[in-house]
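Source file run-v5.cif; content: mmCIF, C-alpha atoms.
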data_model
#
loop_
_atom_site.label_atom_id
_atom_site.label_comp_id
_atom_site.auth_asym_id
_atom_site.auth_seq_id
_atom_site.Cartn_x
_atom_site.Cartn_y
_atom_site.Cartn_z
CA MET A 1 0.00 0.00 0.00
CA TYR A 2 1.27 3.48 -0.79
CA THR A 3 0.24 7.09 -0.45
CA LEU A 4 1.07 10.18 -2.45
CA ASP A 5 3.46 12.65 -0.91
CA GLU A 6 1.99 15.95 0.26
CA LYS A 7 2.87 17.88 -2.92
CA ASP A 8 1.37 15.27 -5.23
CA GLN A 9 -1.69 15.00 -2.98
CA TYR A 10 -2.43 18.69 -3.57
CA LYS A 11 -1.93 18.19 -7.31
CA ALA A 12 -4.26 15.19 -7.36
CA ILE A 13 -6.93 17.03 -5.34
CA ALA A 14 -6.69 20.06 -7.64
CA ALA A 15 -6.94 17.87 -10.75
CA THR A 16 -9.91 15.97 -9.32
CA LEU A 17 -11.71 19.21 -8.48
CA LEU A 18 -11.00 20.47 -12.00
CA LEU A 19 -12.48 17.27 -13.43
CA VAL A 20 -15.61 17.63 -11.30
CA ILE A 21 -15.99 21.29 -12.33
CA LEU A 22 -15.59 20.39 -16.02
CA ILE A 23 -18.27 17.71 -15.78
CA ILE A 24 -20.64 20.09 -13.97
CA VAL A 25 -20.03 22.80 -16.59
CA LEU A 26 -20.62 20.44 -19.52
CA LEU A 27 -23.83 19.12 -17.97
CA SER A 28 -25.23 22.58 -17.11
CA PRO A 29 -27.30 24.80 -19.46
CA PRO A 30 -25.41 27.91 -20.63
CA GLU A 31 -28.03 30.09 -18.92
CA VAL A 32 -26.85 28.75 -15.55
CA LEU A 33 -23.19 29.47 -16.28
CA LEU A 34 -23.27 32.76 -18.14
CA GLN A 35 -25.75 35.57 -18.16
CA ARG A 36 -26.61 36.25 -21.77
CA GLY A 37 -26.48 39.86 -22.77
CA VAL A 38 -24.98 42.62 -24.87
CA ILE A 39 -22.99 45.74 -24.08
CA VAL A 40 -24.59 48.96 -25.31
CA ASP A 41 -22.03 51.75 -25.57
CA THR A 42 -21.62 55.24 -26.94
CA THR A 43 -18.17 54.57 -28.45
CA SER A 44 -16.64 51.75 -30.46
CA SER A 45 -13.93 51.26 -27.83
CA TYR A 46 -14.35 49.38 -24.54
CA THR A 47 -13.37 52.35 -22.40
CA SER A 48 -16.55 54.42 -22.41
CA SER A 49 -17.99 55.29 -19.03
CA GLU A 50 -21.47 55.17 -20.60
CA LYS A 51 -21.33 51.49 -21.51
CA GLU A 52 -24.21 49.45 -20.16
CA TRP A 53 -24.75 45.72 -19.76
CA VAL A 54 -28.20 44.69 -20.96
CA LYS A 55 -29.39 41.21 -20.06
CA THR A 56 -31.15 39.64 -23.03
CA ARG A 57 -33.47 36.75 -23.75
CA MET A 58 -31.89 36.23 -27.18
CA ALA A 59 -28.38 36.38 -28.62
CA LEU A 60 -27.24 39.20 -30.87
CA GLY A 61 -27.61 37.95 -34.43
CA SER A 62 -24.98 37.02 -36.97
CA ASN A 63 -24.26 39.10 -40.07
CA GLU A 64 -26.84 37.07 -41.97
CA ILE A 65 -29.51 37.55 -39.31
CA ILE A 66 -29.01 41.32 -39.24
CA GLU A 67 -28.98 41.55 -43.04
CA GLU A 68 -32.40 39.83 -42.99
CA LEU A 69 -33.90 42.73 -41.03
CA PRO A 70 -37.45 42.96 -42.43
CA ILE A 71 -38.18 45.61 -45.00
CA ASP A 72 -41.53 46.21 -43.30
CA ILE A 73 -41.57 46.45 -39.50
CA ASN A 74 -45.13 46.79 -38.26
CA ILE A 75 -46.33 50.15 -39.60
CA TRP A 76 -42.82 51.13 -40.77
CA GLN A 77 -42.29 50.44 -44.49
CA GLY A 78 -38.67 50.20 -45.55
CA TYR A 79 -36.75 50.88 -48.74
CA GLU A 80 -33.18 49.85 -49.52
CA ILE A 81 -30.68 52.62 -50.17
CA GLU A 82 -27.78 51.65 -52.40
CA ILE A 83 -24.40 51.99 -50.70
CA LYS A 84 -21.66 53.32 -52.95
CA GLN A 85 -18.76 50.98 -53.52
CA ASN A 86 -16.18 53.60 -52.54
CA ILE A 87 -17.80 53.79 -49.08
CA ILE A 88 -17.67 50.02 -48.69
CA ASP A 89 -14.04 50.00 -49.82
CA ALA A 90 -13.14 52.77 -47.37
CA LEU A 91 -14.86 51.21 -44.34
CA ASN A 92 -14.29 47.53 -45.18
CA PRO A 93 -17.13 46.35 -42.90
CA ASP A 94 -18.19 42.77 -42.29
CA MET A 95 -21.78 43.83 -42.96
CA MET A 96 -23.49 47.11 -43.83
CA ILE A 97 -27.10 48.03 -44.57
CA GLN A 98 -28.75 51.37 -45.22
CA ARG A 99 -32.50 51.92 -45.48
CA ALA A 100 -35.24 54.50 -45.21
CA TYR A 101 -38.32 53.56 -43.15
CA TYR A 102 -41.59 55.41 -43.64
CA ASN A 103 -44.43 55.68 -41.18
CA PRO A 104 -47.75 56.39 -42.95
CA LYS A 105 -48.64 58.84 -40.17
CA VAL A 106 -45.42 60.85 -40.63
CA SER A 107 -44.29 62.71 -43.72
CA LYS A 108 -40.55 62.22 -43.21
CA PRO A 109 -38.70 58.87 -43.02
CA VAL A 110 -36.26 57.49 -40.50
CA TRP A 111 -32.93 56.73 -42.15
CA LEU A 112 -31.30 53.64 -40.68
CA MET A 113 -27.69 52.53 -41.03
CA ILE A 114 -26.19 49.42 -39.44
CA ILE A 115 -22.50 48.58 -39.73
CA ARG A 116 -20.88 45.50 -38.23
CA ALA A 117 -17.13 44.89 -38.12
CA HIS A 118 -14.27 43.46 -36.09
CA ASN A 119 -12.05 46.40 -37.03
CA THR A 120 -12.97 49.62 -35.17
CA SER A 121 -11.55 51.66 -38.05
CA ALA A 122 -14.80 50.85 -39.88
CA PHE A 123 -16.64 53.16 -37.49
CA HIS A 124 -15.86 56.70 -38.58
CA ASP A 125 -16.93 59.46 -36.22
CA PRO A 126 -20.36 60.55 -37.55
CA LYS A 127 -19.61 64.17 -36.66
CA VAL A 128 -16.63 64.15 -39.04
CA CYS A 129 -18.71 62.61 -41.82
CA TYR A 130 -21.53 65.16 -41.45
CA ARG A 131 -19.16 68.11 -41.28
CA GLY A 132 -17.48 66.83 -44.42
CA SER A 133 -20.91 66.91 -46.11
CA GLY A 134 -21.54 70.53 -45.10
CA TRP A 135 -23.54 69.99 -41.91
CA SER A 136 -22.91 71.94 -38.71
CA VAL A 137 -23.26 70.33 -35.29
CA VAL A 138 -25.81 72.35 -33.30
CA ASN A 139 -25.84 70.12 -30.21
CA GLU A 140 -24.10 66.94 -29.11
CA GLU A 141 -24.84 64.93 -25.98
CA GLN A 142 -25.41 61.50 -24.50
CA CYS A 143 -28.99 60.83 -23.56
CA GLU A 144 -31.12 58.04 -22.15
CA ILE A 145 -33.79 56.49 -24.32
CA SER A 146 -36.49 54.14 -23.09
CA LEU A 147 -37.22 51.09 -25.24
CA ASN A 148 -39.71 48.26 -25.12
CA GLY A 149 -37.60 45.30 -24.05
CA SER A 150 -40.42 42.76 -23.70
CA VAL A 151 -39.12 40.61 -26.58
CA TRP A 152 -35.33 40.84 -26.48
CA ALA A 153 -34.32 42.14 -23.04
CA THR A 154 -34.64 40.86 -19.50
CA ASP A 155 -35.61 43.36 -16.84
CA THR A 156 -33.13 43.35 -13.95
CA LEU A 157 -34.58 46.00 -11.68
CA TYR A 158 -38.36 45.84 -11.51
CA LYS A 159 -40.27 42.67 -12.05
CA GLY A 160 -42.94 43.15 -14.68
CA ASN A 161 -41.43 46.33 -16.10
CA GLU A 162 -40.93 45.73 -19.82
CA ASP A 163 -39.06 48.96 -20.57
CA ILE A 164 -35.29 49.33 -20.47
CA SER A 165 -33.14 52.46 -20.71
CA ILE A 166 -29.89 52.72 -22.64
CA SER A 167 -27.42 55.56 -23.16
CA VAL A 168 -27.02 56.71 -26.77
CA ASN A 169 -25.31 59.50 -28.66
CA GLU A 170 -27.59 62.29 -29.84
CA LEU A 171 -26.55 64.76 -32.53
CA LEU A 172 -28.55 67.72 -33.74
CA ILE A 173 -27.12 69.00 -36.99
CA GLU A 174 -28.06 71.87 -39.35
CA LYS A 175 -27.61 72.60 -43.04
CA ASP A 176 -29.22 75.27 -45.21
CA GLY A 177 -31.75 76.09 -42.52
CA GLY A 178 -32.87 72.49 -42.02
CA GLU A 179 -32.14 70.37 -38.96
CA ARG A 180 -31.65 66.63 -38.56
CA LEU A 181 -31.60 64.54 -35.38
CA ILE A 182 -29.34 61.48 -35.13
CA LYS A 183 -29.31 58.85 -32.39
CA TYR A 184 -26.71 56.11 -32.51
CA PHE A 185 -25.04 53.53 -30.30
CA TYR A 186 -22.80 50.46 -30.44
CA LEU A 187 -23.68 46.85 -29.64
CA LYS A 188 -20.72 44.82 -28.40
CA GLU A 189 -20.65 41.08 -28.11
CA LEU A 190 -19.02 39.14 -25.33
CA LEU A 191 -16.24 36.58 -25.58
CA PHE A 192 -18.66 33.64 -25.86
CA ALA A 193 -21.00 35.29 -28.40
CA SER A 194 -21.55 33.86 -31.88
CA SER A 195 -19.03 36.27 -33.44
CA PRO A 196 -16.45 37.18 -30.75
CA GLY A 197 -15.06 40.68 -31.03
CA SER A 198 -17.70 41.99 -33.41
CA ILE A 199 -19.04 45.51 -32.88
CA THR A 200 -22.25 46.78 -34.44
CA ILE A 201 -23.17 50.45 -34.80
CA VAL A 202 -26.88 51.23 -35.09
CA ARG A 203 -27.72 54.72 -36.32
CA ALA A 204 -31.13 56.27 -36.95
CA GLU A 205 -31.75 59.82 -38.09
CA MET A 206 -34.67 61.99 -39.09
CA ASN A 207 -35.30 65.50 -40.38
CA VAL A 208 -36.66 67.75 -37.65
CA ASN A 209 -40.02 69.49 -37.67
CA ASP A 210 -40.68 69.39 -33.96
CA LEU A 211 -37.60 68.30 -31.95
CA ASP A 212 -39.45 66.49 -29.15
CA ASN A 213 -41.75 64.69 -31.57
CA THR A 214 -38.85 63.69 -33.82
CA SER A 215 -36.93 62.33 -30.82
CA GLN A 216 -39.91 60.25 -29.73
CA LEU A 217 -40.44 58.88 -33.25
CA ILE A 218 -36.83 57.66 -33.42
CA ASP A 219 -37.20 56.02 -29.99
CA ASN A 220 -40.42 54.33 -31.11
CA PHE A 221 -38.73 53.08 -34.27
CA TYR A 222 -35.87 51.62 -32.23
CA SER A 223 -38.35 49.78 -29.99
CA GLU A 224 -39.95 48.18 -33.04
CA MET A 225 -36.73 47.44 -34.93
CA LEU A 226 -34.21 46.36 -32.30
CA PRO A 227 -35.67 42.89 -31.51
CA TYR A 228 -35.03 41.84 -35.12
CA LEU A 229 -31.27 42.20 -34.57
CA PHE A 230 -31.41 39.32 -32.08
CA MET A 231 -32.08 35.63 -32.62
CA PRO A 232 -33.32 32.65 -30.59
CA VAL A 233 -30.60 30.96 -28.58
CA ILE A 234 -29.09 27.81 -30.10
CA GLY A 235 -29.69 24.75 -27.99
CA GLY A 236 -32.52 26.08 -25.82
CA GLY A 237 -32.40 24.24 -22.51
CA ASP A 238 -29.66 21.81 -23.61
CA SER A 239 -26.53 21.40 -21.53
CA LEU A 240 -23.35 23.19 -22.59
CA GLY A 241 -21.87 19.91 -23.79
CA VAL A 242 -24.84 19.34 -26.11
CA VAL A 243 -24.77 22.96 -27.30
CA ILE A 244 -21.07 22.63 -28.19
CA TYR A 245 -21.80 19.41 -30.10
CA LYS A 246 -24.69 21.03 -32.02
CA GLU A 247 -22.56 24.08 -32.82
CA PHE A 248 -19.27 22.36 -33.77
CA GLY A 249 -20.31 18.78 -34.51
CA ILE A 250 -17.92 15.87 -33.99
CA MET A 251 -14.97 18.25 -33.49
CA GLY A 252 -16.74 19.83 -30.53
CA ALA A 253 -17.47 16.43 -29.00
CA LEU A 254 -13.85 15.33 -29.49
CA MET A 255 -12.62 18.52 -27.84
CA GLU A 256 -14.80 17.84 -24.79
CA VAL A 257 -13.61 14.24 -24.54
CA MET A 258 -9.96 15.22 -24.96
CA ILE A 259 -10.14 17.75 -22.13
CA ILE A 260 -11.57 15.12 -19.77
CA ILE A 261 -8.99 12.53 -20.91
CA VAL A 262 -6.13 14.97 -20.29
CA VAL A 263 -7.28 15.66 -16.72
CA LEU A 264 -7.86 11.94 -16.05
CA GLY A 265 -4.47 11.16 -17.55
CA TYR A 266 -2.76 13.62 -15.26
CA ILE A 267 -4.42 12.08 -12.19
CA GLY A 268 -3.35 8.64 -13.41
CA TYR A 269 0.17 9.92 -13.98
CA LEU A 270 0.42 11.08 -10.36
CA ILE A 271 -0.76 7.69 -9.08
CA LYS A 272 1.54 5.77 -11.41
CA LYS A 273 4.45 8.01 -10.48
CA LYS A 274 4.03 7.12 -6.79
CA ALA A 275 3.65 3.43 -7.59
CA VAL A 276 6.98 3.47 -9.45
CA ASP A 277 8.64 5.34 -6.57
#
Can you dump the structure from the file as structure tokens?
Amino acid sequence: MYTLDEKDQYKAIAATLLLVILIIVLLSPPEVLLQRGVIVDTTSSYTSSEKEWVKTRMALGSNEIIEELPIDINIWQGYEIEIKQNIIDALNPDMMIQRAYYNPKVSKPVWLMIIRAHNTSAFHDPKVCYRGSGWSVVNEEQCEISLNGSVWATDTLYKGNEDISISVNELLIEKDGGERLIKYFYLKELLFASSPGSITIVRAEMNVNDLDNTSQLIDNFYSEMLPYLFMPVIGGGDSLGVVIYKEFGIMGALMEVMIIIVVLGYIGYLIKKKAVD
């Protein structure tokens, strides 16, 4: 009969605990391990003091999901706007759409632009772009907007409250006597999201007749449109091990098995080492 020395005992205990934790993780649904969500920020960097963590019921969509944003969203009727090739070449985005959405009760449309990229150089400062087109910035600030989160967000403060508030950039610009209001923000995915490192800018703008009314119309449009940028979660209530298999197939299953074999092998090595001694 033999026993491990004190140093190897600690190693064996640590390896056994790691094995137990791995098994628990693989058998647990992702919702138990990680809170799903998205970071809403006012800049494309990760240093903004205005960034907010929004818990979500769904995952932020892939490029394909976002590109399939419906042309008609409830009462809003959309029209594609052709994006010039020189703009695409300059920004080099992973995905870019530009549309005008009309509300039959309003004479002026909401112009929507969505850009998604891994490279932050794709996100030019809108103020620079507008000034280059002859617009003057009348007012610039960060503001809170209230959105209907009943479909895509999870309320964390008040049970039963379906509204959420996020910080966004607000620009009021002027050109030739006309004013335009722009509200934009960035959606940032977490490490375990479907496209790690991707950043998405969402920008909506509208010509101003009445400033308060225009601001409310943009907020209402965001409430209707934003859920379509998210998608149902892959795997549902499946365990993480099953989700990995569904996502990566046999390679995912082999990876899981190999991790367990490595830990078991190390424990066996410690025992065999003592037996030889």
* To do: Identify which of the residues A:Leu264, A:Leu229, A:Leu91, A:Leu18 lies closest to Leu187 of chain A, counting only C-alpha atoms when measuring atom-to-atom distances.
  => A:Leu229
* To do: In Å, rounded to a single decimal, give me how far atom CA of Ala15 of chain A is from atom CA of Val243 of chain A.
  =>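 So the answer is 24.9 Å.
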* Which is closest to Ile88 of chain A among A:Glu205, A:Asn148, A:Met231, A:Arg116, if we use all atoms listed in the file? -> A:Arg116
* Shortest interatomic distance to Thr56 of chain A - which of A:Ser107, A:Asn139, A:Ser150, A:Ser44, counting all atoms listed in the file ->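 Under the stated criterion, the closest residue is A:Ser150.
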* Just so the selection is clear, what residues does the PyMOL selection byres ((chain A and resi 60-72) around 10) cover here, as a PyMOL selection string? -> chain A and resi 36-38+56-59+73-80+94-97+99-102+114-117+152+187-190+193-195+198+200+225-233
Resulting file, chosen residues, C-alpha atoms, as a JSON list (two decimals), in the frame of the given file:
[["chain", "number", "residue", "atom", "x", "y", "z"],
["A", 36, "ARG", "CA", -26.61, 36.25, -21.77],
["A", 37, "GLY", "CA", -26.48, 39.86, -22.77],
["A", 38, "VAL", "CA", -24.98, 42.62, -24.87],
["A", 56, "THR", "CA", -31.15, 39.64, -23.03],
["A", 57, "ARG", "CA", -33.47, 36.75, -23.75],
["A", 58, "MET", "CA", -31.89, 36.23, -27.18],
["A", 59, "ALA", "CA", -28.38, 36.38, -28.62],
["A", 73, "ILE", "CA", -41.57, 46.45, -39.50],
["A", 74, "ASN", "CA", -45.13, 46.79, -38.26],
["A", 75, "ILE", "CA", -46.33, 50.15, -39.60],
["A", 76, "TRP", "CA", -42.82, 51.13, -40.77],
["A", 77, "GLN", "CA", -42.29, 50.44, -44.49],
["A", 78, "GLY", "CA", -38.67, 50.20, -45.55],
["A", 79, "TYR", "CA", -36.75, 50.88, -48.74],
["A", 80, "GLU", "CA", -33.18, 49.85, -49.52],
["A", 94, "ASP", "CA", -18.19, 42.77, -42.29],
["A", 95, "MET", "CA", -21.78, 43.83, -42.96],
["A", 96, "MET", "CA", -23.49, 47.11, -43.83],
["A", 97, "ILE", "CA", -27.10, 48.03, -44.57],
["A", 99, "ARG", "CA", -32.50, 51.92, -45.48],
["A", 100, "ALA", "CA", -35.24, 54.50, -45.21],
["A", 101, "TYR", "CA", -38.32, 53.56, -43.15],
["A", 102, "TYR", "CA", -41.59, 55.41, -43.64],
["A", 114, "ILE", "CA", -26.19, 49.42, -39.44],
["A", 115, "ILE", "CA", -22.50, 48.58, -39.73],
["A", 116, "ARG", "CA", -20.88, 45.50, -38.23],
["A", 117, "ALA", "CA", -17.13, 44.89, -38.12],
["A", 152, "TRP", "CA", -35.33, 40.84, -26.48],
["A", 187, "LEU", "CA", -23.68, 46.85, -29.64],
["A", 188, "LYS", "CA", -20.72, 44.82, -28.40],
["A", 189, "GLU", "CA", -20.65, 41.08, -28.11],
["A", 190, "LEU", "CA", -19.02, 39.14, -25.33],
["A", 193, "ALA", "CA", -21.00, 35.29, -28.40],
["A", 194, "SER", "CA", -21.55, 33.86, -31.88],
["A", 195, "SER", "CA", -19.03, 36.27, -33.44],
["A", 198, "SER", "CA", -17.70, 41.99, -33.41],
["A", 200, "THR", "CA", -22.25, 46.78, -34.44],
["A", 225, "MET", "CA", -36.73, 47.44, -34.93],
["A", 226, "LEU", "CA", -34.21, 46.36, -32.30],
["A", 227, "PRO", "CA", -35.67, 42.89, -31.51],
["A", 228, "TYR", "CA", -35.03, 41.84, -35.12],
["A", 229, "LEU", "CA", -31.27, 42.20, -34.57],
["A", 230, "PHE", "CA", -31.41, 39.32, -32.08],
["A", 231, "MET", "CA", -32.08, 35.63, -32.62],
["A", 232, "PRO", "CA", -33.32, 32.65, -30.59],
["A", 233, "VAL", "CA", -30.60, 30.96, -28.58]]
* From the list A:Tyr269, A:Trp111, A:Tyr130, A:Phe221, which residue is nearest Arg203 of chain A when using all atoms listed in the file? ->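 Of the candidates, the smallest distance to Arg203 of chain A is held by A:Trp111.
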* **Selection dump of the PyMOL selection byres ((chain A and resi 121) around 10), as JSON, numbers by chain** => {"A": [44, 90, 91, 92, 93, 117, 118, 119, 120, 122, 123, 124, 125]}
* **For atom CA of Val40 of chain A and atom CA of Val110 of chain A, the interatomic separation in Å (one decimal)** =>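 Here the two named atoms are 21.0 Å from each other.
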